[in-house]
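Have a look at input_35.csv; it's CSV, C-alpha atoms and all ligand atoms:
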chain,number,residue,atom,x,y,z
S,1,MET,CA,-3.1,-26.0,-30.8
S,2,THR,CA,-6.7,-27.2,-30.7
S,3,THR,CA,-9.1,-26.6,-27.7
S,4,ASN,CA,-8.7,-30.2,-26.6
S,5,ASP,CA,-4.9,-29.9,-26.7
S,6,LEU,CA,-5.1,-26.7,-24.7
S,7,GLN,CA,-7.3,-28.3,-22.1
S,8,THR,CA,-4.9,-31.3,-21.8
S,9,HIS,CA,-2.0,-28.9,-21.5
S,10,ILE,CA,-3.8,-27.0,-18.7
S,11,GLN,CA,-4.7,-30.2,-16.9
S,12,ASP,CA,-1.1,-31.4,-17.2
S,13,ALA,CA,0.1,-28.1,-15.8
S,14,GLU,CA,-2.3,-28.3,-12.9
S,15,GLN,CA,-1.4,-31.9,-12.2
S,16,HIS,CA,2.3,-30.8,-12.2
S,17,ARG,CA,1.4,-28.2,-9.5
S,18,ALA,CA,-0.8,-30.5,-7.4
S,19,PRO,CA,0.6,-30.1,-3.9
S,20,MET,CA,2.6,-33.0,-2.5
S,21,LEU,CA,3.5,-31.1,0.6
S,22,GLU,CA,1.0,-28.9,2.4
S,23,VAL,CA,2.1,-27.0,5.5
S,24,ARG,CA,-0.8,-25.6,7.5
S,25,GLU,CA,-0.7,-23.1,10.3
S,26,LEU,CA,2.6,-24.6,11.6
S,27,GLU,CA,3.9,-23.4,14.9
S,28,THR,CA,7.3,-24.4,16.1
S,29,GLN,CA,8.4,-22.8,19.4
S,30,PHE,CA,11.6,-22.9,21.4
S,31,PHE,CA,11.2,-23.0,25.2
S,32,THR,CA,14.2,-21.0,26.5
S,33,ARG,CA,15.0,-19.6,30.0
S,34,LYS,CA,14.2,-16.1,28.7
S,35,GLY,CA,10.8,-17.1,27.4
S,36,VAL,CA,9.0,-18.9,24.5
S,37,ALA,CA,10.4,-18.0,21.0
S,38,ARG,CA,7.7,-18.4,18.4
S,39,VAL,CA,10.0,-19.2,15.5
S,40,LEU,CA,7.4,-20.5,13.1
S,41,ASP,CA,4.1,-18.6,13.5
S,42,LYS,CA,1.2,-20.2,11.8
S,43,LEU,CA,3.3,-20.9,8.7
S,44,SER,CA,1.4,-22.1,5.7
S,45,PHE,CA,2.5,-23.0,2.2
S,46,ASP,CA,2.3,-25.8,-0.5
S,47,ILE,CA,5.0,-27.5,-2.6
S,48,GLY,CA,3.9,-28.9,-6.0
S,49,LYS,CA,5.1,-32.2,-7.5
S,50,GLY,CA,8.4,-31.7,-9.3
S,51,GLU,CA,8.6,-28.0,-8.3
S,52,ILE,CA,11.8,-26.3,-7.1
S,53,VAL,CA,10.8,-23.7,-4.5
S,54,GLY,CA,13.2,-21.3,-2.9
S,55,LEU,CA,12.7,-20.3,0.8
S,56,VAL,CA,14.6,-17.0,1.2
S,57,GLY,CA,15.1,-14.5,4.0
S,58,GLU,CA,17.7,-13.3,6.4
S,59,SER,CA,19.2,-15.5,9.1
S,60,GLY,CA,16.7,-15.9,11.9
S,61,SER,CA,13.7,-15.7,9.6
S,62,GLY,CA,12.8,-19.4,10.3
S,63,LYS,CA,14.0,-21.0,7.0
S,64,SER,CA,16.1,-23.8,8.4
S,65,VAL,CA,13.6,-24.4,11.3
S,66,THR,CA,11.0,-25.0,8.6
S,67,GLY,CA,13.2,-27.6,6.9
S,68,PHE,CA,13.9,-29.4,10.2
S,69,SER,CA,10.2,-29.2,11.2
S,70,ILE,CA,9.2,-31.0,8.0
S,71,VAL,CA,11.5,-33.9,8.7
S,72,ASN,CA,10.7,-33.8,12.4
S,73,LEU,CA,14.3,-33.1,13.5
S,74,ILE,CA,13.6,-30.2,15.8
S,75,LYS,CA,15.8,-30.7,18.9
S,76,SER,CA,14.9,-29.7,22.5
S,77,PRO,CA,14.2,-27.0,23.6
S,78,GLY,CA,12.3,-26.7,20.3
S,79,LYS,CA,8.9,-28.3,19.6
S,80,ILE,CA,6.2,-28.3,17.0
S,81,VAL,CA,3.2,-27.2,19.1
S,82,ALA,CA,0.4,-26.8,16.5
S,83,GLY,CA,-0.4,-27.1,12.8
S,84,GLU,CA,-0.2,-29.8,10.1
S,85,ILE,CA,2.5,-31.0,7.7
S,86,LEU,CA,0.6,-33.0,5.1
S,87,PHE,CA,3.0,-35.1,2.9
S,88,GLU,CA,1.1,-36.8,0.2
S,89,GLY,CA,-2.0,-36.5,2.4
S,90,ARG,CA,-0.5,-37.9,5.6
S,91,ASP,CA,0.1,-35.6,8.6
S,92,LEU,CA,3.8,-35.9,9.5
S,93,THR,CA,3.3,-34.1,12.9
S,94,LYS,CA,1.3,-37.2,14.0
S,95,SER,CA,3.9,-39.8,12.8
S,96,THR,CA,5.9,-41.8,15.3
S,97,GLU,CA,9.7,-41.6,15.4
S,98,ASP,CA,10.0,-45.0,13.6
S,99,GLN,CA,7.6,-43.8,10.9
S,100,MET,CA,9.6,-40.6,10.5
S,101,ARG,CA,12.9,-42.5,10.2
S,102,GLU,CA,11.4,-44.5,7.4
S,103,ILE,CA,10.1,-41.4,5.7
S,104,ARG,CA,13.5,-39.6,6.1
S,105,GLY,CA,15.3,-42.6,4.6
S,106,LYS,CA,12.9,-43.1,1.6
S,107,SER,CA,10.6,-40.2,0.8
S,108,ILE,CA,12.2,-37.0,2.1
S,109,ALA,CA,15.9,-36.3,2.0
S,110,MET,CA,17.9,-33.4,3.2
S,111,ILE,CA,21.3,-31.9,2.3
S,112,PHE,CA,23.2,-29.2,4.2
S,113,GLN,CA,26.0,-26.7,3.8
S,114,ASN,CA,29.4,-28.1,4.8
S,115,PRO,CA,28.8,-31.4,3.1
S,116,ARG,CA,32.2,-32.8,4.3
S,117,GLY,CA,30.9,-32.4,7.9
S,118,SER,CA,27.8,-34.4,7.0
S,119,LEU,CA,29.8,-37.4,5.7
S,120,ASN,CA,31.3,-40.0,8.0
S,121,PRO,CA,35.1,-39.1,8.1
S,122,VAL,CA,36.2,-42.7,8.7
S,123,LEU,CA,34.2,-44.4,5.9
S,124,SER,CA,35.0,-44.2,2.2
S,125,VAL,CA,32.5,-42.7,-0.2
S,126,GLY,CA,31.7,-46.2,-1.5
S,127,ASP,CA,31.1,-47.7,1.9
S,128,GLN,CA,28.8,-44.8,2.9
S,129,LEU,CA,26.8,-45.0,-0.4
S,130,CYS,CA,26.6,-48.8,-0.3
S,131,GLN,CA,25.5,-48.9,3.3
S,132,VAL,CA,22.5,-46.7,2.4
S,133,LEU,CA,21.7,-48.8,-0.6
S,134,LYS,CA,21.9,-52.1,1.3
S,135,TYR,CA,20.0,-50.9,4.3
S,136,ARG,CA,17.3,-48.8,2.5
S,137,GLN,CA,16.9,-50.7,-0.7
S,138,GLY,CA,17.8,-54.2,0.4
S,139,MET,CA,20.5,-54.5,-2.3
S,140,SER,CA,23.3,-57.1,-2.3
S,141,LYS,CA,26.9,-55.9,-2.0
S,142,GLU,CA,27.4,-56.2,-5.8
S,143,GLN,CA,24.1,-54.5,-6.7
S,144,ALA,CA,24.9,-51.7,-4.2
S,145,LYS,CA,28.4,-51.2,-5.7
S,146,ARG,CA,27.0,-51.0,-9.3
S,147,ARG,CA,24.3,-48.6,-8.2
S,148,ALA,CA,26.8,-46.4,-6.3
S,149,ILE,CA,28.9,-46.1,-9.5
S,150,GLU,CA,25.7,-45.2,-11.4
S,151,LEU,CA,24.8,-42.5,-8.9
S,152,LEU,CA,28.3,-41.0,-8.9
S,153,THR,CA,28.2,-40.9,-12.7
S,154,LEU,CA,24.7,-39.2,-12.5
S,155,VAL,CA,26.1,-36.4,-10.3
S,156,HIS,CA,29.0,-36.0,-12.7
S,157,ILE,CA,31.8,-37.3,-10.5
S,158,PRO,CA,34.7,-38.2,-12.8
S,159,GLU,CA,36.3,-41.7,-12.4
S,160,PRO,CA,33.4,-42.8,-10.2
S,161,GLU,CA,35.0,-46.3,-9.6
S,162,ARG,CA,38.1,-44.7,-8.2
S,163,ARG,CA,36.1,-42.1,-6.1
S,164,LEU,CA,34.3,-44.9,-4.3
S,165,LYS,CA,37.6,-45.6,-2.4
S,166,ALA,CA,38.1,-41.9,-1.5
S,167,TYR,CA,37.5,-40.6,2.1
S,168,PRO,CA,35.6,-37.3,2.7
S,169,HIS,CA,38.8,-35.3,3.5
S,170,GLN,CA,40.1,-36.2,0.0
S,171,LEU,CA,37.1,-34.6,-1.7
S,172,SER,CA,36.8,-30.9,-2.6
S,173,GLY,CA,33.7,-29.1,-1.1
S,174,GLY,CA,31.9,-29.3,-4.5
S,175,MET,CA,32.7,-33.0,-4.9
S,176,ALA,CA,31.5,-33.7,-1.4
S,177,GLN,CA,28.2,-31.9,-2.1
S,178,ARG,CA,27.8,-34.0,-5.2
S,179,VAL,CA,28.3,-37.1,-3.1
S,180,MET,CA,25.7,-35.9,-0.6
S,181,ILE,CA,23.2,-35.3,-3.5
S,182,ALA,CA,24.0,-38.8,-4.8
S,183,MET,CA,23.2,-40.2,-1.3
S,184,ALA,CA,20.1,-38.1,-1.1
S,185,ILE,CA,18.6,-39.3,-4.4
S,186,SER,CA,19.8,-42.9,-3.9
S,187,CYS,CA,16.4,-43.9,-2.5
S,188,GLY,CA,14.3,-41.9,-5.0
S,189,PRO,CA,12.9,-39.4,-2.6
S,190,GLU,CA,9.7,-37.4,-3.5
S,191,LEU,CA,11.1,-34.4,-1.7
S,192,LEU,CA,14.6,-33.0,-1.3
S,193,ILE,CA,15.3,-30.2,1.1
S,194,ALA,CA,18.6,-28.4,0.4
S,195,ASP,CA,19.6,-26.1,3.2
S,196,GLU,CA,22.1,-23.5,1.9
S,197,PRO,CA,23.6,-26.2,-0.4
S,198,THR,CA,26.2,-23.9,-2.0
S,199,THR,CA,27.3,-21.8,0.9
S,200,GLY,CA,31.1,-21.8,1.2
S,201,LEU,CA,31.6,-23.0,-2.5
S,202,ASP,CA,33.2,-20.8,-5.1
S,203,VAL,CA,31.0,-19.3,-7.8
S,204,THR,CA,31.8,-21.8,-10.6
S,205,ILE,CA,31.2,-24.8,-8.3
S,206,GLU,CA,28.0,-23.1,-6.9
S,207,TYR,CA,26.7,-22.8,-10.5
S,208,GLN,CA,27.4,-26.5,-11.2
S,209,ILE,CA,25.6,-27.6,-8.0
S,210,ILE,CA,22.6,-25.5,-8.9
S,211,GLN,CA,22.5,-27.0,-12.4
S,212,LEU,CA,22.8,-30.5,-10.8
S,213,LEU,CA,19.8,-29.9,-8.6
S,214,LYS,CA,17.8,-28.9,-11.7
S,215,GLU,CA,19.0,-31.9,-13.6
S,216,MET,CA,18.0,-34.2,-10.8
S,217,ARG,CA,14.5,-32.7,-10.7
S,218,ASP,CA,14.1,-33.1,-14.4
S,219,LEU,CA,15.4,-36.6,-14.3
S,220,THR,CA,13.5,-37.9,-11.3
S,221,GLY,CA,10.6,-35.5,-10.8
S,222,THR,CA,11.6,-34.9,-7.2
S,223,SER,CA,10.3,-31.7,-5.6
S,224,VAL,CA,13.0,-29.6,-4.1
S,225,ILE,CA,12.9,-26.9,-1.4
S,226,VAL,CA,16.1,-24.7,-1.6
S,227,ILE,CA,16.7,-22.8,1.6
S,228,THR,CA,18.9,-19.9,0.9
S,229,HIS,CA,19.7,-16.3,1.8
S,230,ASP,CA,21.1,-15.8,-1.8
S,231,LEU,CA,18.5,-14.4,-4.2
S,232,ASN,CA,20.8,-14.7,-7.2
S,233,MET,CA,21.1,-18.4,-6.5
S,234,ALA,CA,17.3,-18.7,-6.1
S,235,ALA,CA,16.8,-16.9,-9.4
S,236,GLU,CA,18.9,-19.5,-11.2
S,237,VAL,CA,17.4,-22.6,-9.8
S,238,CYS,CA,13.8,-22.0,-8.6
S,239,ASP,CA,10.4,-22.2,-10.2
S,240,ARG,CA,8.8,-20.2,-7.4
S,241,ILE,CA,10.2,-18.2,-4.5
S,242,MET,CA,8.7,-17.8,-1.0
S,243,VAL,CA,10.0,-15.0,1.2
S,244,MET,CA,10.0,-15.7,5.0
S,245,TYR,CA,10.1,-13.1,7.7
S,246,ALA,CA,9.7,-13.9,11.4
S,247,GLY,CA,8.4,-17.4,10.8
S,248,LYS,CA,5.8,-16.5,8.1
S,249,VAL,CA,5.7,-16.4,4.3
S,250,VAL,CA,5.2,-12.7,3.6
S,251,GLU,CA,5.4,-13.0,-0.2
S,252,GLN,CA,5.4,-15.8,-2.8
S,253,ALA,CA,5.5,-15.8,-6.6
S,254,PRO,CA,6.7,-17.7,-9.6
S,255,VAL,CA,10.3,-16.7,-10.2
S,256,ASP,CA,9.7,-14.4,-13.2
S,257,GLN,CA,6.9,-12.5,-11.4
S,258,PHE,CA,9.0,-12.3,-8.2
S,259,PHE,CA,11.7,-10.4,-9.9
S,260,SER,CA,9.5,-8.4,-12.3
S,261,ARG,CA,6.9,-7.3,-9.7
S,262,PRO,CA,8.3,-7.6,-6.2
S,263,SER,CA,5.6,-6.3,-3.8
S,264,HIS,CA,6.2,-6.7,-0.1
S,265,PRO,CA,8.5,-4.0,1.5
S,266,TYR,CA,10.7,-6.8,3.0
S,267,THR,CA,11.2,-8.4,-0.5
S,268,LEU,CA,12.1,-5.0,-1.9
S,269,GLY,CA,14.7,-4.6,0.9
S,270,LEU,CA,16.1,-8.0,0.2
S,271,LEU,CA,16.4,-7.2,-3.5
S,272,ALA,CA,18.0,-3.9,-2.8
S,273,SER,CA,20.7,-5.7,-0.8
S,274,ARG,CA,21.6,-7.9,-3.8
S,275,PRO,CA,25.1,-6.8,-5.0
S,276,SER,CA,23.9,-6.7,-8.7
S,277,LEU,CA,21.2,-4.2,-7.9
S,278,HIS,CA,23.3,-1.7,-6.0
S,279,GLY,CA,22.8,1.8,-7.4
S,280,SER,CA,20.1,0.7,-9.9
S,281,ALA,CA,17.0,2.2,-8.3
S,282,GLU,CA,16.1,4.1,-5.2
S,283,ILE,CA,14.4,1.3,-3.4
S,284,PRO,CA,14.9,0.9,0.3
S,285,THR,CA,17.5,-1.2,2.1
S,286,ILE,CA,16.4,-2.9,5.3
S,287,PRO,CA,17.2,-0.9,8.5
S,288,GLY,CA,17.4,-2.8,11.9
S,289,ASN,CA,17.5,-6.5,12.6
S,290,VAL,CA,15.1,-9.4,12.5
S,291,PRO,CA,12.8,-9.2,15.6
S,292,ASP,CA,13.1,-10.8,19.0
S,293,LEU,CA,10.9,-13.8,18.5
S,294,ILE,CA,10.2,-14.0,22.3
S,295,HIS,CA,8.7,-10.5,22.2
S,296,ARG,CA,7.3,-10.4,18.7
S,297,PRO,CA,6.2,-7.0,17.4
S,298,SER,CA,2.4,-6.6,17.3
S,299,GLY,CA,0.5,-6.5,14.0
S,300,CYS,CA,2.8,-6.9,11.1
S,301,SER,CA,6.1,-8.2,12.4
S,302,PHE,CA,8.0,-6.1,9.9
S,303,HIS,CA,6.5,-2.8,11.1
S,304,PRO,CA,9.5,-1.6,13.2
S,305,ARG,CA,11.7,-1.7,10.1
S,306,CYS,CA,9.2,-0.6,7.4
S,307,ARG,CA,9.2,2.9,6.0
S,308,TRP,CA,5.5,2.5,4.9
S,309,ALA,CA,4.3,1.4,8.4
S,310,THR,CA,1.2,3.1,9.8
S,311,ALA,CA,-0.8,2.6,13.0
S,312,GLU,CA,-2.9,0.0,11.2
S,313,CYS,CA,0.4,-2.0,10.6
S,314,SER,CA,1.3,-2.2,14.3
S,315,ALA,CA,-2.3,-3.0,15.3
S,316,THR,CA,-3.4,-5.6,12.8
S,317,GLU,CA,-1.6,-8.5,11.1
S,318,PRO,CA,-2.0,-8.3,7.3
S,319,GLU,CA,-3.6,-11.2,5.4
S,320,PRO,CA,-2.1,-12.5,2.1
S,321,GLN,CA,-3.4,-10.4,-0.9
S,322,THR,CA,-3.5,-11.8,-4.4
S,323,ILE,CA,-1.3,-9.9,-6.8
S,324,GLY,CA,-1.4,-12.3,-9.8
S,325,PRO,CA,-1.5,-16.0,-10.5
S,326,HIS,CA,0.2,-17.8,-7.7
S,327,HIS,CA,1.5,-14.5,-6.4
S,328,THR,CA,0.5,-13.2,-3.0
S,329,ALA,CA,2.0,-10.7,-0.5
S,330,SER,CA,0.9,-9.9,3.1
S,331,CYS,CA,0.8,-6.2,3.5
S,332,HIS,CA,-1.8,-3.5,4.3
S,333,HIS,CA,-0.3,-0.9,1.9
S,334,LEU,CA,0.6,-2.7,-1.3
S,335,GLU,CA,-0.8,0.1,-3.6
S,336,GLU,CA,1.2,2.9,-1.8
S,337,VAL,CA,4.4,0.7,-2.0
S,338,GLN,CA,4.0,0.1,-5.7
S,339,ARG,CA,3.2,3.8,-6.3
S,340,ASP,CA,6.4,4.9,-4.5
S,341,ILE,CA,8.5,2.3,-6.2
S,342,ALA,CA,7.3,3.4,-9.6
S,343,ALA,CA,7.9,7.1,-8.7
S,344,ALA,CA,11.5,6.2,-7.6
S,345,ARG,CA,12.4,4.5,-10.9
Z,401,LIG,FE1,5.1,-2.4,6.1
Z,401,LIG,FE2,2.7,-2.2,7.0
Z,401,LIG,FE3,3.1,-3.6,4.9
Z,401,LIG,FE4,3.9,-4.5,7.2
Z,401,LIG,S1,1.8,-4.2,6.6
Z,401,LIG,S2,5.1,-4.5,5.3
Z,401,LIG,S3,4.5,-2.6,8.2
Z,401,LIG,S4,3.4,-1.4,5.1

Once more with this new file: its structure as structure tokens, please.
Ligand code: SF4
Amino acid sequence: MTTNDLQTHIQDAEQHRAPMLEVRELETQFFTRKGVARVLDKLSFDIGKGEIVGLVGESGSGKSVTGFSIVNLIKSPGKIVAGEILFEGRDLTKSTEDQMREIRGKSIAMIFQNPRGSLNPVLSVGDQLCQVLKYRQGMSKEQAKRRAIELLTLVHIPEPERRLKAYPHQLSGGMAQRVMIAMAISCGPELLIADEPTTGLDVTIEYQIIQLLKEMRDLTGTSVIVITHDLNMAAEVCDRIMVMYAGKVVEQAPVDQFFSRPSHPYTLGLLASRPSLHGSAEIPTIPGNVPDLIHRPSGCSFHPRCRWATAECSATEPEPQTIGPHHTASCHHLEEVQRDIAAAR
């Protein structure tokens, strides 16, 4: 490779990583009778064009609230109270409901677990797909039907013409999720948010859905945020992983770095909880529960559960530290943690 080729390659790579979504200091709070729950606490992260990024963490870490905040579907008593969500340079927190409806229909799509529950039970698959295509893309009935068949073929649904006539209750969970993916990509979104897309599916189907998400990204260049508690799934599909705890990203890294050099004590606990790692190394599991977000712990939110916690941890919130290219972790004692992990191996 010549120097010029190398420079072009680097520029292409940087272009590929240019952020299309920038979340800055986002605060989403829930105003309950017991008090204000600060569910997202100055959350900041970027998503690059064409990137598949995993948002991982325990239930209650703020993963799904992040997804719903991006598409502005936070329901009362929740509210975005501060921060920016810059999507291709435009701040979504300042958009009107009409503008957001347009963005949700064309530029950002979301799929959920329980896909059958997300489909309209009284309309056939074809009717639902064609409605979206006619309404969003202005297609005629014939054009919409042709495109619906193409989309079902794209997501590997056998006999797509026959499936157009099927109702949601006639589809398996995996088939229904394929239909949801077809609907999500029908308008060519720039960003797809997949919230626990394989929960409840058996392992073989889960693998097929993961492969499908990758194929869709490769084919369309759509960026994907995969929200999951399943690190094995994230390892299969993601380019980069972000770990959330108490409404913040506490560690993020390219997927190979993430698994070869996990650094934050919470990440180590999550990895230790993976079934495939049981018994492999003496790294800690996570005692206790996610914190009460109305009475958040002072300093580092993880300190009540962390075996490395010191007085500094309960007094001062740690800033992200750079560990390697695109790899950061927010912890006061990264060196001690690494030393202890190396000694335990
Ligand atoms: Fe643990 Fe302290 Fe690091 Fe927080 S800052 S993860 S409490 S060592």

Interface rows for chain S against ligand LIG 401 (chain Z): nearest pair, Å to one decimal, 10 Å, all atoms listed in the file, as CSV:
residue,atom,partner,partner_atom,distance
S:Val250,CA,Z:LIG401,S2,8.4
S:Ser263,CA,Z:LIG401,S2,9.3
S:His264,CA,Z:LIG401,S2,5.9
S:Pro265,CA,Z:LIG401,S2,5.1
S:Tyr266,CA,Z:LIG401,S2,6.5
S:Thr267,CA,Z:LIG401,S2,9.3
S:Gly299,CA,Z:LIG401,S1,7.9
S:Cys300,CA,Z:LIG401,FE4,4.7
S:Ser301,CA,Z:LIG401,FE4,6.8
S:Phe302,CA,Z:LIG401,FE4,5.2
S:His303,CA,Z:LIG401,S3,3.5
S:Pro304,CA,Z:LIG401,S3,7.1
S:Arg305,CA,Z:LIG401,S3,7.5
S:Cys306,CA,Z:LIG401,FE1,4.7
S:Arg307,CA,Z:LIG401,FE1,6.7
S:Trp308,CA,Z:LIG401,S4,4.4
S:Ala309,CA,Z:LIG401,S3,4.0
S:Thr310,CA,Z:LIG401,FE2,6.2
S:Ala311,CA,Z:LIG401,FE2,8.4
S:Glu312,CA,Z:LIG401,FE2,7.3
S:Cys313,CA,Z:LIG401,FE2,4.3
S:Ser314,CA,Z:LIG401,S3,6.9
S:Ala315,CA,Z:LIG401,S1,9.7
S:Thr316,CA,Z:LIG401,S1,8.2
S:Glu317,CA,Z:LIG401,S1,7.1
S:Pro318,CA,Z:LIG401,S1,5.6
S:Glu319,CA,Z:LIG401,S1,8.9
S:Ala329,CA,Z:LIG401,FE3,9.0
S:Ser330,CA,Z:LIG401,S1,6.7
S:Cys331,CA,Z:LIG401,FE3,3.7
S:His332,CA,Z:LIG401,S1,4.3
S:His333,CA,Z:LIG401,S4,4.9
S:Leu334,CA,Z:LIG401,FE3,6.7
S:Glu335,CA,Z:LIG401,S4,9.8
S:Glu336,CA,Z:LIG401,S4,8.4
S:Val337,CA,Z:LIG401,S4,7.5

- Query: So how many Å separate CA of Leu55 (chain S) and CA of Ala194 (chain S), to one decimal?
  - Reply: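 CA of Leu55 (chain S) sits 10.0 Å away from CA of Ala194 (chain S).
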
- Item | Pick from S:Thr66, S:Ile149, S:Pro262, S:Val39 nearest to Ile341 (chain S), counting all atoms listed in the file |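 Result for the nearest residue to Ile341 (chain S): S:Pro262.
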
- Task: With a distance cut-off of 7 Å and only C-alpha atoms, select the neighbouring residues of Tyr167 (chain S), excluding the residue or stretch itself and same-chain residues fewer than 6 positions from it, and output the selection as a ChimeraX atom specification.
- Result: /S:121,123-125

Preceding selection exported with C-alpha atoms as a PDB file, in the coordinates of the input:
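The result, stored in again18.pdb:
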ATOM      1  CA  PRO S 121      35.100 -39.100   8.100  1.00  0.00           C
ATOM      2  CA  LEU S 123      34.200 -44.400   5.900  1.00  0.00           C
ATOM      3  CA  SER S 124      35.000 -44.200   2.200  1.00  0.00           C
ATOM      4  CA  VAL S 125      32.500 -42.700  -0.200  1.00  0.00           C
TER       5      VAL S 125
END

- Spatial neighbours of Ile241 (chain S), max dist 6 Å, only C-alpha atoms, sep filter under 4 positions, as a list in words: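 So the residues in contact are Val53, Gly54, Gln252, Ala253 and Val255 of chain S.
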
Counting all atoms listed in the file, what is within 6 Å of Ala176 (chain S), bar same-chain residues fewer than 4 positions away, as a short mmCIF file (atom, residue, chain, number, x, y, z; two decimals) with C-alpha atoms, keeping the file's coordinate frame?
data_model
loop_
_atom_site.label_atom_id
_atom_site.label_comp_id
_atom_site.auth_asym_id
_atom_site.auth_seq_id
_atom_site.Cartn_x
_atom_site.Cartn_y
_atom_site.Cartn_z
CA PRO S 115 28.80 -31.40 3.10
CA ARG S 116 32.20 -32.80 4.30
CA LEU S 171 37.10 -34.60 -1.70
#

- Item | Length of the CA of Met100 (chain S) to CA of Val71 (chain S) vector [Å] |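 Computing it gives 7.2 Å between the two atoms.
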
Per-residue nearest contacts region 237-310 of chain S to region 216-231 of chain S, cut-off 12 Å, using all atoms listed in the file, as JSON lines:
{"residue": "S:Val237", "atom": "CA", "partner": "S:Val226", "partner_atom": "CA", "distance": 8.6}
{"residue": "S:Cys238", "atom": "CA", "partner": "S:Val226", "partner_atom": "CA", "distance": 7.8}
{"residue": "S:Asp239", "atom": "CA", "partner": "S:Val224", "partner_atom": "CA", "distance": 9.9}
{"residue": "S:Arg240", "atom": "CA", "partner": "S:Ile225", "partner_atom": "CA", "distance": 9.9}
{"residue": "S:Ile241", "atom": "CA", "partner": "S:Leu231", "partner_atom": "CA", "distance": 9.1}
{"residue": "S:Met242", "atom": "CA", "partner": "S:Ile227", "partner_atom": "CA", "distance": 9.8}
{"residue": "S:Val243", "atom": "CA", "partner": "S:His229", "partner_atom": "CA", "distance": 9.8}
{"residue": "S:Met244", "atom": "CA", "partner": "S:His229", "partner_atom": "CA", "distance": 10.2}
{"residue": "S:Tyr245", "atom": "CA", "partner": "S:His229", "partner_atom": "CA", "distance": 11.7}
{"residue": "S:Val255", "atom": "CA", "partner": "S:Leu231", "partner_atom": "CA", "distance": 10.4}
{"residue": "S:Phe258", "atom": "CA", "partner": "S:Leu231", "partner_atom": "CA", "distance": 10.5}
{"residue": "S:Phe259", "atom": "CA", "partner": "S:Leu231", "partner_atom": "CA", "distance": 9.7}
{"residue": "S:Thr267", "atom": "CA", "partner": "S:Leu231", "partner_atom": "CA", "distance": 10.1}
{"residue": "S:Leu268", "atom": "CA", "partner": "S:Leu231", "partner_atom": "CA", "distance": 11.6}
{"residue": "S:Gly269", "atom": "CA", "partner": "S:Leu231", "partner_atom": "CA", "distance": 11.7}
{"residue": "S:Leu270", "atom": "CA", "partner": "S:Leu231", "partner_atom": "CA", "distance": 8.1}
{"residue": "S:Leu271", "atom": "CA", "partner": "S:Leu231", "partner_atom": "CA", "distance": 7.5}
{"residue": "S:Ala272", "atom": "CA", "partner": "S:Leu231", "partner_atom": "CA", "distance": 10.6}
{"residue": "S:Ser273", "atom": "CA", "partner": "S:Leu231", "partner_atom": "CA", "distance": 9.6}
{"residue": "S:Arg274", "atom": "CA", "partner": "S:Leu231", "partner_atom": "CA", "distance": 7.2}
{"residue": "S:Pro275", "atom": "CA", "partner": "S:Leu231", "partner_atom": "CA", "distance": 10.1}
{"residue": "S:Ser276", "atom": "CA", "partner": "S:Leu231", "partner_atom": "CA", "distance": 10.4}
{"residue": "S:Leu277", "atom": "CA", "partner": "S:Leu231", "partner_atom": "CA", "distance": 11.2}

- Note on the structure: CA of Cys130 (chain S) sits from CA of Leu213 (chain S) at a separation of 21.7 Å

- Of the candidates S:Gln29, S:Ser44, S:Ser61, S:Gln131, which one gets nearest to Pro291 (chain S) if we count only C-alpha atoms? S:Ser61

- Query: What's the 7 Å shell around Gly126 (chain S), counting all atoms listed in the file, without same-chain residues fewer than 4 positions away, as a list in words?
  - Reply: Cys130, Ala148, Leu164 and Lys165 of chain S

- Query: So, counting all atoms listed in the file, which residue among S:Pro189, S:Gly288, S:Gly324, S:Gly50 is closest to Glu251 (chain S)?
  - Reply: S:Gly324

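If you measure from each of S:Val56, S:Ile70, S:Met175, S:Ile286 to Ala109 (chain S) using only C-alpha atoms, the closest one turns out to be S:Ile70.
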
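Distances to Ala166 (chain S) were evaluated for S:Glu84, S:Asp98, S:Asp292, S:Asp127 using all atoms listed in the file, and the minimum falls at S:Asp127.
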
- Kindly indicate which residue among S:Leu154, S:Leu73, S:Ile52, S:Ala82 lies nearest to Leu191 (chain S), using all atoms listed in the file for the distances. S:Ile52
